[in-house]
file upload.csv (CSV, C-alpha atoms)
chain,number,residue,atom,x,y,z
A,1388,MET,CA,-7.6,13.6,-91.6
A,1389,ASP,CA,-4.9,15.5,-93.4
A,1390,ASP,CA,-2.2,14.4,-90.9
A,1391,LEU,CA,-3.3,10.7,-90.8
A,1392,PRO,CA,-0.1,8.6,-90.0
A,1393,ILE,CA,-0.5,6.2,-93.0
A,1394,GLY,CA,2.8,4.3,-92.4
A,1395,PRO,CA,2.1,3.3,-88.8
A,1396,MET,CA,-1.5,2.5,-89.6
A,1397,LEU,CA,-0.5,0.2,-92.4
A,1398,ALA,CA,1.9,-1.5,-90.1
A,1399,VAL,CA,-0.8,-2.0,-87.4
A,1400,LEU,CA,-3.2,-3.3,-90.2
A,1401,ALA,CA,-0.7,-5.9,-91.3
A,1402,LEU,CA,0.0,-6.9,-87.7
A,1403,LEU,CA,-3.7,-7.3,-86.9
A,1404,ILE,CA,-4.2,-9.5,-90.0
A,1405,LEU,CA,-1.2,-11.7,-88.9
A,1406,TRP,CA,-2.6,-12.0,-85.4
A,1407,SER,CA,-6.0,-12.9,-86.7
A,1408,GLY,CA,-4.4,-15.6,-88.9
A,1409,LEU,CA,-2.6,-16.9,-85.8
A,1410,PHE,CA,-5.8,-17.1,-83.8
A,1411,THR,CA,-7.6,-18.9,-86.7
A,1412,ALA,CA,-4.7,-21.4,-87.1
A,1413,ILE,CA,-4.7,-22.1,-83.3
A,1414,GLU,CA,-8.4,-22.7,-83.3
A,1415,THR,CA,-8.3,-25.0,-86.3
A,1416,ALA,CA,-5.3,-26.9,-84.9
A,1417,HIS,CA,-7.2,-27.4,-81.6
A,1418,GLN,CA,-10.3,-28.7,-83.5
A,1419,HIS,CA,-8.1,-31.0,-85.6
A,1420,LEU,CA,-6.3,-32.5,-82.6
A,1421,LEU,CA,-9.6,-32.9,-80.7
A,1422,ALA,CA,-10.9,-35.0,-83.6
A,1423,GLN,CA,-7.7,-37.1,-83.4
A,1424,ARG,CA,-8.2,-37.7,-79.7
A,1425,THR,CA,-11.3,-39.7,-80.2
A,1426,ALA,CA,-9.3,-42.3,-82.1
A,1427,SER,CA,-6.2,-42.3,-80.0
A,1428,ARG,CA,-4.9,-45.4,-78.3
A,1429,SER,CA,-3.0,-45.8,-75.0
A,1430,SER,CA,0.1,-46.5,-77.0
A,1431,ASP,CA,-0.2,-43.4,-79.2
A,1432,LYS,CA,1.8,-40.2,-78.7
A,1433,PRO,CA,0.0,-37.9,-76.2
A,1434,VAL,CA,-2.1,-35.2,-78.0
A,1435,ALA,CA,-1.3,-31.6,-77.3
A,1436,LYS,CA,-3.9,-29.5,-75.5
A,1437,LEU,CA,-5.0,-25.9,-75.4
A,1438,SER,CA,-3.7,-24.2,-72.2
A,1439,PHE,CA,-6.2,-21.3,-72.2
A,1440,PRO,CA,-10.0,-20.9,-72.7
A,1441,ILE,CA,-11.2,-21.2,-76.3
A,1442,ASN,CA,-13.7,-18.3,-75.7
A,1443,SER,CA,-10.8,-15.9,-75.1
A,1444,LEU,CA,-9.3,-16.9,-78.5
A,1445,ILE,CA,-12.5,-16.4,-80.3
A,1446,LEU,CA,-13.0,-12.9,-78.7
A,1447,CYS,CA,-9.5,-11.8,-79.7
A,1448,ASN,CA,-9.9,-13.0,-83.3
A,1449,THR,CA,-13.2,-11.1,-83.6
A,1450,LEU,CA,-11.7,-7.9,-82.2
A,1451,CYS,CA,-8.7,-8.2,-84.6
A,1452,ARG,CA,-11.0,-8.6,-87.6
A,1453,ALA,CA,-13.2,-5.7,-86.5
A,1454,LEU,CA,-10.1,-3.4,-86.1
A,1455,VAL,CA,-8.9,-4.4,-89.6
A,1456,MET,CA,-12.1,-3.3,-91.2
A,1457,VAL,CA,-12.1,0.0,-89.2
A,1458,ILE,CA,-8.5,0.9,-90.0
A,1459,SER,CA,-8.7,-0.1,-93.6
A,1460,THR,CA,-11.9,2.0,-94.0
A,1461,LEU,CA,-10.2,5.1,-92.5
A,1462,LEU,CA,-7.2,4.7,-94.8
A,1463,ALA,CA,-9.4,4.2,-97.8
A,1464,ILE,CA,-11.5,7.2,-97.1
A,1465,PHE,CA,-8.4,9.3,-96.6
A,1466,THR,CA,-7.0,8.1,-100.0
A,1467,TRP,CA,-10.0,7.7,-102.2
A,1468,ALA,CA,-12.6,9.9,-100.5
A,1469,GLN,CA,-16.2,8.7,-101.3
A,1470,ASN,CA,-15.0,5.6,-103.1
A,1471,GLY,CA,-13.0,4.5,-100.0
A,1472,PRO,CA,-15.6,2.4,-98.1
A,1473,TRP,CA,-16.3,-0.1,-100.9
A,1474,ILE,CA,-12.6,-0.3,-101.7
A,1475,ALA,CA,-11.8,-0.9,-98.1
A,1476,CYS,CA,-14.4,-3.6,-97.8
A,1477,THR,CA,-13.2,-5.4,-100.9
A,1478,GLY,CA,-9.5,-5.2,-100.1
A,1479,ALA,CA,-9.7,-5.9,-96.4
A,1480,GLY,CA,-12.2,-8.7,-97.0
A,1481,ALA,CA,-9.9,-10.4,-99.5
A,1482,ALA,CA,-6.9,-10.0,-97.3
A,1483,LEU,CA,-8.7,-11.5,-94.3
A,1484,LEU,CA,-10.0,-14.5,-96.4
A,1485,VAL,CA,-6.5,-15.3,-97.7
A,1486,PHE,CA,-4.2,-14.5,-94.8
A,1487,ALA,CA,-6.5,-14.8,-91.8
A,1488,ASP,CA,-8.7,-17.8,-92.9
A,1489,TYR,CA,-7.7,-20.1,-95.8
A,1490,LEU,CA,-4.0,-20.0,-95.4
A,1491,PRO,CA,-3.9,-20.4,-91.6
A,1492,ARG,CA,-6.4,-23.3,-91.7
A,1493,THR,CA,-4.4,-25.1,-94.3
A,1494,LEU,CA,-1.2,-24.7,-92.3
A,1495,ALA,CA,-3.0,-25.8,-89.1
A,1496,VAL,CA,-4.2,-29.1,-90.6
A,1497,ARG,CA,-0.6,-29.8,-91.8
A,1498,TYR,CA,1.2,-28.8,-88.6
A,1499,PRO,CA,-1.4,-28.9,-85.7
A,1500,ASP,CA,1.1,-29.7,-82.9
A,1501,ALA,CA,3.6,-27.0,-83.8
A,1502,ILE,CA,0.9,-24.3,-84.1
A,1503,LEU,CA,-0.8,-25.3,-80.9
A,1504,ALA,CA,2.5,-25.3,-79.1
A,1505,LEU,CA,3.3,-21.9,-80.5
A,1506,GLY,CA,-0.1,-20.6,-79.3
A,1507,ASN,CA,0.3,-22.0,-75.8
A,1508,THR,CA,3.7,-20.3,-75.6
A,1509,LEU,CA,2.7,-16.9,-76.9
A,1510,LEU,CA,-0.9,-16.6,-75.7
A,1511,GLY,CA,-1.3,-18.7,-72.7
A,1512,MET,CA,-1.1,-16.0,-70.0
A,1513,PRO,CA,-2.7,-13.1,-72.0
A,1514,LEU,CA,-5.7,-15.1,-73.0
A,1515,LYS,CA,-6.2,-16.3,-69.4
A,1516,ILE,CA,-6.2,-12.7,-68.2
A,1517,ILE,CA,-8.9,-11.6,-70.7
A,1518,TYR,CA,-11.1,-14.7,-70.0
A,1519,PRO,CA,-13.5,-12.7,-67.7
A,1520,ALA,CA,-14.5,-10.5,-70.6
A,1521,ALA,CA,-15.0,-13.5,-72.9
A,1522,TRP,CA,-17.0,-15.2,-70.2
A,1523,LEU,CA,-19.2,-12.2,-69.8
A,1524,LEU,CA,-19.9,-11.9,-73.5
A,1525,ASN,CA,-20.7,-15.6,-73.7
A,1526,ALA,CA,-23.1,-15.3,-70.8
A,1527,ILE,CA,-24.8,-12.4,-72.6
A,1528,ALA,CA,-25.1,-14.5,-75.7
A,1529,GLN,CA,-26.6,-17.4,-73.8
A,1530,LEU,CA,-29.1,-15.0,-72.2
A,1531,LEU,CA,-30.2,-13.7,-75.5
A,1532,MET,CA,-30.7,-17.2,-76.8
A,1533,ARG,CA,-33.0,-18.2,-74.0
A,1534,PRO,CA,-36.2,-17.1,-75.7
A,1535,PHE,CA,-35.4,-19.5,-78.6
A,1536,ALA,CA,-34.7,-22.5,-76.4
A,1537,ARG,CA,-37.2,-25.4,-76.5
A,1538,LYS,CA,-39.2,-25.5,-73.2
A,1539,PRO,CA,-41.7,-28.0,-71.9
A,1540,LYS,CA,-45.3,-26.7,-71.8
A,1541,VAL,CA,-46.2,-25.5,-68.3
A,1542,VAL,CA,-49.7,-24.9,-67.0
A,1543,GLN,CA,-50.4,-23.7,-63.5
A,1544,GLN,CA,-52.5,-26.3,-61.7
A,1545,SER,CA,-55.2,-25.2,-59.3
A,1546,GLU,CA,-55.9,-27.1,-56.1
A,1547,ASP,CA,-59.5,-27.9,-57.0
A,1548,GLU,CA,-58.5,-29.8,-60.1
A,1549,LEU,CA,-56.2,-32.2,-58.3
A,1550,PRO,CA,-58.8,-34.7,-56.8
A,1551,ASN,CA,-60.5,-35.2,-60.2
A,1552,GLU,CA,-57.3,-36.0,-61.9
A,1553,ARG,CA,-56.6,-38.8,-59.4
A,1554,HIS,CA,-59.9,-40.5,-60.1
A,1555,ASP,CA,-59.8,-40.6,-63.9
A,1556,ASN,CA,-58.7,-43.6,-65.9
A,1557,HIS,CA,-58.4,-45.9,-63.0
A,1558,GLU,CA,-58.1,-49.0,-65.1
A,1559,GLN,CA,-55.5,-47.7,-67.5
A,1560,PRO,CA,-52.3,-49.7,-67.0
A,1561,VAL,CA,-48.8,-48.1,-66.8
A,1562,CYS,CA,-47.2,-48.0,-70.2
A,1563,ARG,CA,-43.8,-49.5,-70.0
A,1564,PRO,CA,-41.2,-49.8,-72.8
A,1565,HIS,CA,-40.4,-53.2,-74.3
A,1566,PRO,CA,-37.2,-54.6,-72.9
A,1567,LEU,CA,-35.5,-54.6,-76.3
A,1568,ALA,CA,-36.3,-50.9,-76.7
A,1569,GLY,CA,-33.0,-50.1,-75.0
A,1570,ILE,CA,-31.1,-51.9,-77.8
A,1571,HIS,CA,-33.0,-50.4,-80.7
A,1572,ALA,CA,-32.9,-46.9,-79.2
A,1573,LEU,CA,-29.1,-46.7,-79.0
A,1574,ASP,CA,-28.8,-44.9,-82.3
A,1575,ASN,CA,-31.1,-42.2,-81.0
A,1576,ILE,CA,-29.3,-41.7,-77.7
A,1577,THR,CA,-25.9,-40.0,-77.5
A,1578,VAL,CA,-23.3,-40.2,-74.8
A,1579,ASN,CA,-24.4,-36.7,-73.7
A,1580,ASP,CA,-27.7,-38.2,-72.6
A,1581,ILE,CA,-26.2,-40.7,-70.1
A,1582,LEU,CA,-22.8,-39.2,-69.1
A,1583,VAL,CA,-21.9,-38.6,-65.4
A,1584,PRO,CA,-21.7,-34.8,-65.1
A,1585,ARG,CA,-18.3,-33.4,-64.3
A,1586,SER,CA,-19.6,-32.0,-61.0
A,1587,ASP,CA,-20.3,-35.6,-59.9
A,1588,VAL,CA,-17.1,-37.1,-61.2
A,1589,ASP,CA,-14.6,-38.4,-58.6
A,1590,GLY,CA,-11.0,-37.8,-59.6
A,1591,ILE,CA,-7.4,-37.5,-58.5
A,1592,ASN,CA,-6.0,-33.9,-58.4
A,1593,LEU,CA,-2.2,-34.2,-58.7
A,1594,ASP,CA,-1.9,-30.8,-57.0
A,1595,ASP,CA,-3.2,-32.3,-53.7
A,1596,PRO,CA,-0.8,-33.8,-51.1
A,1597,ILE,CA,-0.1,-37.5,-51.5
A,1598,GLU,CA,-1.6,-38.1,-48.1
A,1599,GLU,CA,-5.0,-36.7,-49.2
A,1600,ILE,CA,-4.9,-38.7,-52.4
A,1601,ILE,CA,-4.2,-41.9,-50.4
A,1602,GLU,CA,-7.2,-41.2,-48.1
A,1603,LEU,CA,-9.4,-40.5,-51.1
A,1604,LEU,CA,-8.4,-43.8,-52.8
A,1605,ARG,CA,-9.0,-45.7,-49.5
A,1606,ASN,CA,-12.6,-44.5,-49.4
A,1607,ASN,CA,-13.3,-44.7,-53.1
A,1608,LYS,CA,-14.7,-47.9,-54.6
A,1609,ARG,CA,-14.4,-47.1,-58.3
A,1610,THR,CA,-12.0,-49.0,-60.5
A,1611,ARG,CA,-11.0,-46.1,-62.8
A,1612,LEU,CA,-10.6,-42.4,-61.9
A,1613,PRO,CA,-9.5,-39.4,-64.0
A,1614,VAL,CA,-6.1,-37.9,-63.0
A,1615,PHE,CA,-5.8,-34.2,-63.6
A,1616,HIS,CA,-4.0,-31.0,-62.5
A,1617,SER,CA,-6.2,-28.5,-60.7
A,1618,ASP,CA,-9.2,-28.9,-62.9
A,1619,ILE,CA,-10.7,-31.9,-64.8
A,1620,ASN,CA,-10.3,-30.0,-68.1
A,1621,GLN,CA,-6.5,-30.6,-67.5
A,1622,VAL,CA,-7.0,-34.3,-67.4
A,1623,GLU,CA,-3.6,-36.1,-67.8
A,1624,ALA,CA,-4.5,-39.8,-67.4
A,1625,VAL,CA,-7.0,-42.4,-66.1
A,1626,LEU,CA,-5.9,-44.4,-63.1
A,1627,ASN,CA,-6.6,-48.1,-62.7
A,1628,THR,CA,-7.0,-48.3,-58.9
A,1629,ARG,CA,-6.6,-52.1,-58.8
A,1630,GLN,CA,-2.9,-51.7,-59.6
A,1631,ILE,CA,-2.2,-49.5,-56.6
A,1632,ARG,CA,-4.5,-50.9,-53.9
A,1633,HIS,CA,-1.7,-52.9,-52.3
A,1634,LEU,CA,0.1,-49.6,-51.6
A,1635,LEU,CA,-2.8,-48.0,-49.8
A,1636,PRO,CA,-2.9,-49.8,-46.4
A,1637,ASP,CA,0.7,-48.8,-45.4
A,1638,GLY,CA,0.6,-45.4,-47.2
A,1639,SER,CA,3.5,-46.2,-49.5
A,1640,LEU,CA,1.9,-44.8,-52.6
A,1641,THR,CA,3.9,-42.2,-54.5
A,1642,PHE,CA,3.1,-40.0,-57.4
A,1643,GLU,CA,5.4,-42.0,-59.6
A,1644,ALA,CA,3.6,-45.3,-58.7
A,1645,LEU,CA,0.3,-43.5,-59.3
A,1646,LEU,CA,1.2,-42.3,-62.8
A,1647,ALA,CA,2.8,-45.7,-63.6
A,1648,ALA,CA,-0.7,-47.3,-63.0
A,1649,SER,CA,-2.4,-44.8,-65.3
A,1650,HIS,CA,-2.9,-44.7,-69.0
A,1651,GLU,CA,-3.7,-42.0,-71.5
A,1652,PRO,CA,-7.2,-40.6,-71.4
A,1653,TYR,CA,-9.7,-41.5,-74.1
A,1654,PHE,CA,-11.8,-38.6,-75.3
A,1655,VAL,CA,-15.4,-39.0,-76.7
A,1656,PRO,CA,-17.4,-36.3,-78.5
A,1657,GLU,CA,-20.7,-35.6,-76.7
A,1658,SER,CA,-22.7,-36.2,-79.9
A,1659,THR,CA,-21.5,-39.8,-80.4
A,1660,PRO,CA,-24.4,-42.3,-80.6
A,1661,LEU,CA,-24.3,-45.0,-78.0
A,1662,GLN,CA,-24.3,-47.8,-80.5
A,1663,LEU,CA,-21.2,-46.4,-82.1
A,1664,GLN,CA,-19.5,-45.7,-78.7
A,1665,LEU,CA,-20.2,-49.3,-77.7
A,1666,LEU,CA,-18.2,-50.4,-80.7
A,1667,ASN,CA,-15.5,-47.9,-80.1
A,1668,PHE,CA,-15.0,-49.1,-76.5
A,1669,HIS,CA,-14.6,-52.6,-77.9
A,1670,LYS,CA,-12.2,-51.5,-80.6
A,1671,GLN,CA,-10.1,-49.3,-78.4
A,1672,GLN,CA,-10.1,-51.8,-75.5
A,1673,ARG,CA,-11.4,-49.0,-73.1
A,1674,ARG,CA,-14.0,-48.9,-70.4
A,1675,LEU,CA,-14.1,-45.2,-69.6
A,1676,GLY,CA,-14.2,-42.1,-71.9
A,1677,MET,CA,-13.9,-38.4,-71.1
A,1678,VAL,CA,-16.8,-36.7,-72.8
A,1679,VAL,CA,-15.9,-33.3,-74.4
A,1680,ASP,CA,-17.8,-30.7,-76.3
A,1681,GLU,CA,-16.9,-29.0,-79.6
A,1682,TYR,CA,-14.4,-26.8,-77.8
A,1683,GLY,CA,-12.6,-29.6,-75.9
A,1684,GLU,CA,-14.2,-28.8,-72.6
A,1685,VAL,CA,-14.8,-31.8,-70.4
A,1686,LEU,CA,-18.5,-32.3,-69.7
A,1687,GLY,CA,-18.2,-35.6,-67.7
A,1688,ILE,CA,-17.4,-39.3,-68.2
A,1689,VAL,CA,-19.1,-42.2,-69.8
A,1690,THR,CA,-18.3,-45.9,-69.1
A,1691,LEU,CA,-18.9,-49.2,-70.8
A,1692,GLU,CA,-21.1,-50.1,-67.8
A,1693,ASP,CA,-23.3,-47.0,-68.4
A,1694,ILE,CA,-24.1,-48.1,-71.9
A,1695,LEU,CA,-24.7,-51.7,-70.9
A,1696,GLU,CA,-27.0,-50.5,-68.1
A,1697,GLU,CA,-28.9,-48.4,-70.7
A,1698,ILE,CA,-29.7,-51.8,-72.4
A,1699,VAL,CA,-30.3,-54.2,-69.5
A,1700,GLY,CA,-31.7,-51.5,-67.2
A,1701,GLU,CA,-35.0,-51.9,-69.2
A,1702,PHE,CA,-35.3,-55.5,-67.9
A,1703,GLU,CA,-34.7,-54.5,-64.3
A,1704,SER,CA,-37.2,-51.6,-64.4
A,1705,GLN,CA,-40.0,-53.9,-65.4
A,1706,HIS,CA,-40.2,-55.3,-61.9
A,1707,SER,CA,-38.6,-52.7,-59.6
A,1708,LEU,CA,-38.9,-49.2,-58.3
A,1709,ASP,CA,-35.6,-49.6,-56.5
A,1710,ASN,CA,-34.4,-46.0,-57.0
A,1711,PRO,CA,-33.2,-44.1,-53.9
A,1712,HIS,CA,-34.6,-40.8,-55.3
A,1713,ILE,CA,-38.1,-42.2,-55.6
A,1714,HIS,CA,-40.4,-42.4,-52.6
A,1715,PRO,CA,-43.9,-43.9,-53.3
A,1716,GLN,CA,-46.8,-42.5,-51.3
A,1717,PRO,CA,-49.9,-44.3,-49.9
A,1718,ASP,CA,-52.2,-42.6,-52.4
A,1719,GLY,CA,-50.1,-43.8,-55.4
A,1720,ARG,CA,-48.3,-40.5,-56.0
A,1721,LEU,CA,-44.5,-40.2,-55.8
A,1722,VAL,CA,-42.2,-37.8,-53.9
A,1723,ILE,CA,-39.0,-37.5,-56.0
A,1724,GLU,CA,-35.8,-35.8,-55.1
A,1725,GLY,CA,-34.7,-32.9,-57.4
A,1726,ALA,CA,-31.3,-34.5,-58.1
A,1727,ALA,CA,-33.0,-37.5,-59.8
A,1728,SER,CA,-32.0,-38.1,-63.4
A,1729,ILE,CA,-34.9,-37.6,-65.8
A,1730,ARG,CA,-33.7,-40.6,-67.9
A,1731,GLU,CA,-33.6,-42.8,-64.9
A,1732,LEU,CA,-37.1,-41.7,-63.9
A,1733,ASN,CA,-38.4,-42.5,-67.4
A,1734,LYS,CA,-36.8,-45.9,-67.4
A,1735,THR,CA,-37.8,-46.9,-63.9
A,1736,LEU,CA,-41.4,-45.6,-64.1
A,1737,GLY,CA,-42.1,-46.0,-67.8
A,1738,TRP,CA,-42.7,-42.3,-68.1
A,1739,HIS,CA,-42.0,-39.8,-70.9
A,1740,LEU,CA,-40.7,-36.6,-69.2
A,1741,PRO,CA,-38.8,-34.4,-71.6
A,1742,SER,CA,-35.2,-35.5,-71.6
A,1743,ASP,CA,-33.7,-33.5,-74.5
A,1744,GLY,CA,-32.9,-30.5,-72.3
A,1745,PRO,CA,-32.1,-30.5,-68.5
A,1746,LYS,CA,-30.8,-33.8,-67.2
A,1747,THR,CA,-32.3,-33.7,-63.7
A,1748,LEU,CA,-35.8,-33.1,-62.3
A,1749,ASN,CA,-34.5,-29.9,-60.6
A,1750,GLY,CA,-33.3,-28.6,-63.9
A,1751,LEU,CA,-36.6,-29.5,-65.7
A,1752,VAL,CA,-38.7,-27.7,-63.0
A,1753,THR,CA,-36.5,-24.5,-62.9
A,1754,GLU,CA,-36.4,-24.3,-66.7
A,1755,ALA,CA,-40.1,-24.7,-66.9
A,1756,LEU,CA,-40.8,-22.0,-64.3
A,1757,GLU,CA,-37.9,-19.8,-65.4
A,1758,THR,CA,-37.3,-19.1,-61.7
A,1759,ILE,CA,-36.6,-20.9,-58.5
A,1760,PRO,CA,-39.8,-21.1,-56.5
A,1761,ASP,CA,-39.7,-19.9,-52.9
A,1762,SER,CA,-43.1,-21.5,-52.0
A,1763,ALA,CA,-45.3,-24.4,-53.0
A,1764,VAL,CA,-46.1,-24.2,-56.7
A,1765,CYS,CA,-48.1,-26.6,-58.8
A,1766,LEU,CA,-47.5,-27.0,-62.5
A,1767,LYS,CA,-48.2,-29.3,-65.4
A,1768,ILE,CA,-45.6,-30.7,-67.9
A,1769,GLY,CA,-47.3,-32.7,-70.5
A,1770,ARG,CA,-49.6,-35.2,-68.7
A,1771,TYR,CA,-47.6,-35.0,-65.5
A,1772,ARG,CA,-48.6,-33.0,-62.5
A,1773,LEU,CA,-45.9,-31.6,-60.2
A,1774,GLU,CA,-46.0,-29.9,-56.9
A,1775,ILE,CA,-42.8,-28.4,-55.5
A,1776,LEU,CA,-42.5,-29.4,-51.9
A,1777,GLU,CA,-39.1,-28.1,-50.9
A,1778,THR,CA,-36.4,-25.9,-52.2
A,1779,GLU,CA,-32.9,-25.5,-50.7
A,1780,ASP,CA,-29.7,-23.6,-51.8
A,1781,ASN,CA,-31.3,-22.2,-55.0
A,1782,ARG,CA,-32.5,-25.6,-56.2
A,1783,VAL,CA,-35.6,-27.8,-56.0
A,1784,THR,CA,-35.0,-30.7,-53.7
A,1785,ARG,CA,-38.3,-32.5,-53.4
A,1786,VAL,CA,-41.2,-32.7,-55.8
A,1787,LEU,CA,-44.6,-34.5,-55.6
A,1788,ILE,CA,-45.5,-36.0,-59.0
A,1789,TRP,CA,-48.4,-38.0,-60.5
A,1790,HIS,CA,-50.3,-38.5,-63.7
A,1791,ASN,CA,-53.6,-40.0,-64.6
A,1792,SER,CA,-52.6,-43.6,-65.4
A,1793,SER,CA,-50.1,-44.0,-62.6
A,1794,VAL,CA,-52.0,-43.2,-59.4
A,1795,LEU,CA,-53.5,-46.7,-58.8
A,1796,ALA,CA,-51.1,-48.7,-60.8
A,1797,LEU,CA,-48.1,-48.1,-58.6
A,1798,PRO,CA,-47.4,-50.4,-55.6
A,1799,GLN,CA,-48.9,-49.2,-52.3
A,1800,VAL,CA,-46.8,-48.7,-49.2

call {"tool": "encode", "arguments": {"input": "upload.csv", "output": "structure tokens"}}
result
Amino acid sequence: MDDLPIGPMLAVLALLILWSGLFTAIETAHQHLLAQRTASRSSDKPVAKLSFPINSLILCNTLCRALVMVISTLLAIFTWAQNGPWIACTGAGAALLVFADYLPRTLAVRYPDAILALGNTLLGMPLKIIYPAAWLLNAIAQLLMRPFARKPKVVQQSEDELPNERHDNHEQPVCRPHPLAGIHALDNITVNDILVPRSDVDGINLDDPIEEIIELLRNNKRTRLPVFHSDINQVEAVLNTRQIRHLLPDGSLTFEALLAASHEPYFVPESTPLQLQLLNFHKQQRRLGMVVDEYGEVLGIVTLEDILEEIVGEFESQHSLDNPHIHPQPDGRLVIEGAASIRELNKTLGWHLPSDGPKTLNGLVTEALETIPDSAVCLKIGRYRLEILETEDNRVTRVLIWHNSSVLALPQV
């Protein structure tokens, strides 16, 4: 400790505080611009984007602050001996609050575009390189949080109980929601509940050859498609396919014509209530929104048609089981595909399967069992009995489901 290089350590300490302030400013600017995106119009100036994963930024900021405390403690112990630790905590804490928190956040709100551009220039490549470490730490955190996650109650069902369940409450009718429930429930449903997941979103990758894009557009029936570079998180625009359909038969479509028929993307926070989003679609004159989480990662898309279907779908489900994922059986039970949406099942069948967690039946079953079953397994979720019939590629593909009041009330085939 007698030959501690005080000068260089003070320089490193100051540099770490400045870097921490830069990381905080970039994160704040990113959040500020993300909030602005939700109100942006097609005529507005395009909003700057983060060119690297936000998790890498958070990891670097945390490491910088930890090193500040370590180095300041060493210096304080060297200078003030036993009084060093509390002096270091007070001094370093105050410096971090002022120069790495309050001041950077104030500057980020005032000059978000400039700070985000500076961060993309200086940190784009380094933070992409260290992303694997950030991803690993985030995965560990998610794993540690699993015991605290809300899970549906699961009870293993024995075979000798099954016949009795099917003969109880024969006269009890199926409980279906009132048609107007879809309207009144919009305040309690968010866009995250009805979005199309990013894995199911069709889009145009500008890095693909124009011939492949033309072939994709010829086979696609959707009116609006996201346009992005490499990954949907890098979405650049939303294409109106009606404006370029005349260029598809002879293959004369170009990238310039494609971009000319596109407009700026409209971003929607995942927690937006459907009633508010319905008003926003009308106010912004939009029909498709890119749903993003708190870090700006794209989760999927939501359309005006999705929200309207949430309302009028209640009327259709009163008289129809026309869902390609549902296969009624002669005894009144149902074979349902694992990819079926839980919300669609609840609407179509008048059921109340838990929908505040996983979005598909496969996700609900695997979360309940906390494993992927490799053989036939029976379980109980609430009043519903489930029997796994088939698994494939690490997912549940077919499930037999019934509950007391539905066995004889469903149409026979």

call {"tool": "residues_around", "arguments": {"input": "upload.csv", "residues": "Leu1582 in chain A", "least_positions_apart": "2", "cutoff": "7 Å", "atoms": "all atoms listed in the file", "output": "compact mmCIF listing (two decimals) with C-alpha atoms, in the frame of the given file"}}
result
# COMPACT_ATOMS: atom_id res chain seq x y z
CA VAL A 1578 -23.30 -40.20 -74.80
CA ASN A 1579 -24.40 -36.70 -73.70
CA ASP A 1580 -27.70 -38.20 -72.60
CA PRO A 1584 -21.70 -34.80 -65.10
CA GLY A 1687 -18.20 -35.60 -67.70
CA ILE A 1688 -17.40 -39.30 -68.20
CA VAL A 1689 -19.10 -42.20 -69.80

call {"tool": "residues_around", "arguments": {"input": "upload.csv", "residues": "Lys1608 in chain A", "least_positions_apart": "6", "cutoff": "12 Å", "atoms": "all atoms listed in the file", "output": "list in words"}}
result
Asp1589, Gly1590, Glu1602, Asn1627, Thr1628, Arg1629 and Arg1632 of chain A

call {"tool": "closest_residue", "arguments": {"input": "upload.csv", "among": "A:Ala1528, A:Ala1726, A:Ile1759, A:Pro1499", "to": "Thr1784 in chain A", "atoms": "all atoms listed in the file"}}
result
A:Ala1726

call {"tool": "residues_around", "arguments": {"input": "upload.csv", "residues": "range 1614-1618 of chain A", "least_positions_apart": "4", "cutoff": "9 Å", "atoms": "all atoms listed in the file", "output": "number ranges by chain"}}
result
A: 1590-1595, 1622-1626, 1646, 1649, 1652

call {"tool": "closest_residue", "arguments": {"input": "upload.csv", "among": "A:Thr1508, A:Trp1789, A:Ala1644, A:Ile1581", "to": "Gln1664 in chain A", "atoms": "only C-alpha atoms"}}
result
A:Ile1581

call {"tool": "build_atoms", "arguments": {"input": "upload.csv", "residues": "range 1717-1725 of chain A", "atoms": "N, CA and C atoms", "output": "CSV table (one decimal), keeping the file's coordinate frame"}}
result
chain,number,residue,atom,x,y,z
A,1717,PRO,N,-48.7,-43.4,-50.0
A,1717,PRO,CA,-49.9,-44.3,-49.9
A,1717,PRO,C,-51.0,-44.1,-51.0
A,1718,ASP,N,-51.1,-42.9,-51.5
A,1718,ASP,CA,-52.2,-42.6,-52.4
A,1718,ASP,C,-51.7,-42.9,-53.9
A,1719,GLY,N,-50.5,-43.4,-54.1
A,1719,GLY,CA,-50.1,-43.8,-55.4
A,1719,GLY,C,-49.2,-42.7,-56.0
A,1720,ARG,N,-49.2,-41.5,-55.4
A,1720,ARG,CA,-48.3,-40.5,-56.0
A,1720,ARG,C,-46.9,-40.7,-55.5
A,1721,LEU,N,-45.9,-39.9,-56.1
A,1721,LEU,CA,-44.5,-40.2,-55.8
A,1721,LEU,C,-43.9,-38.9,-55.3
A,1722,VAL,N,-43.1,-38.9,-54.3
A,1722,VAL,CA,-42.2,-37.8,-53.9
A,1722,VAL,C,-40.8,-38.2,-54.5
A,1723,ILE,N,-40.3,-37.3,-55.3
A,1723,ILE,CA,-39.0,-37.5,-56.0
A,1723,ILE,C,-38.1,-36.4,-55.7
A,1724,GLU,N,-36.8,-36.8,-55.4
A,1724,GLU,CA,-35.8,-35.8,-55.1
A,1724,GLU,C,-35.4,-35.0,-56.4
A,1725,GLY,N,-35.0,-33.8,-56.2
A,1725,GLY,CA,-34.7,-32.9,-57.4
A,1725,GLY,C,-33.5,-33.4,-58.1
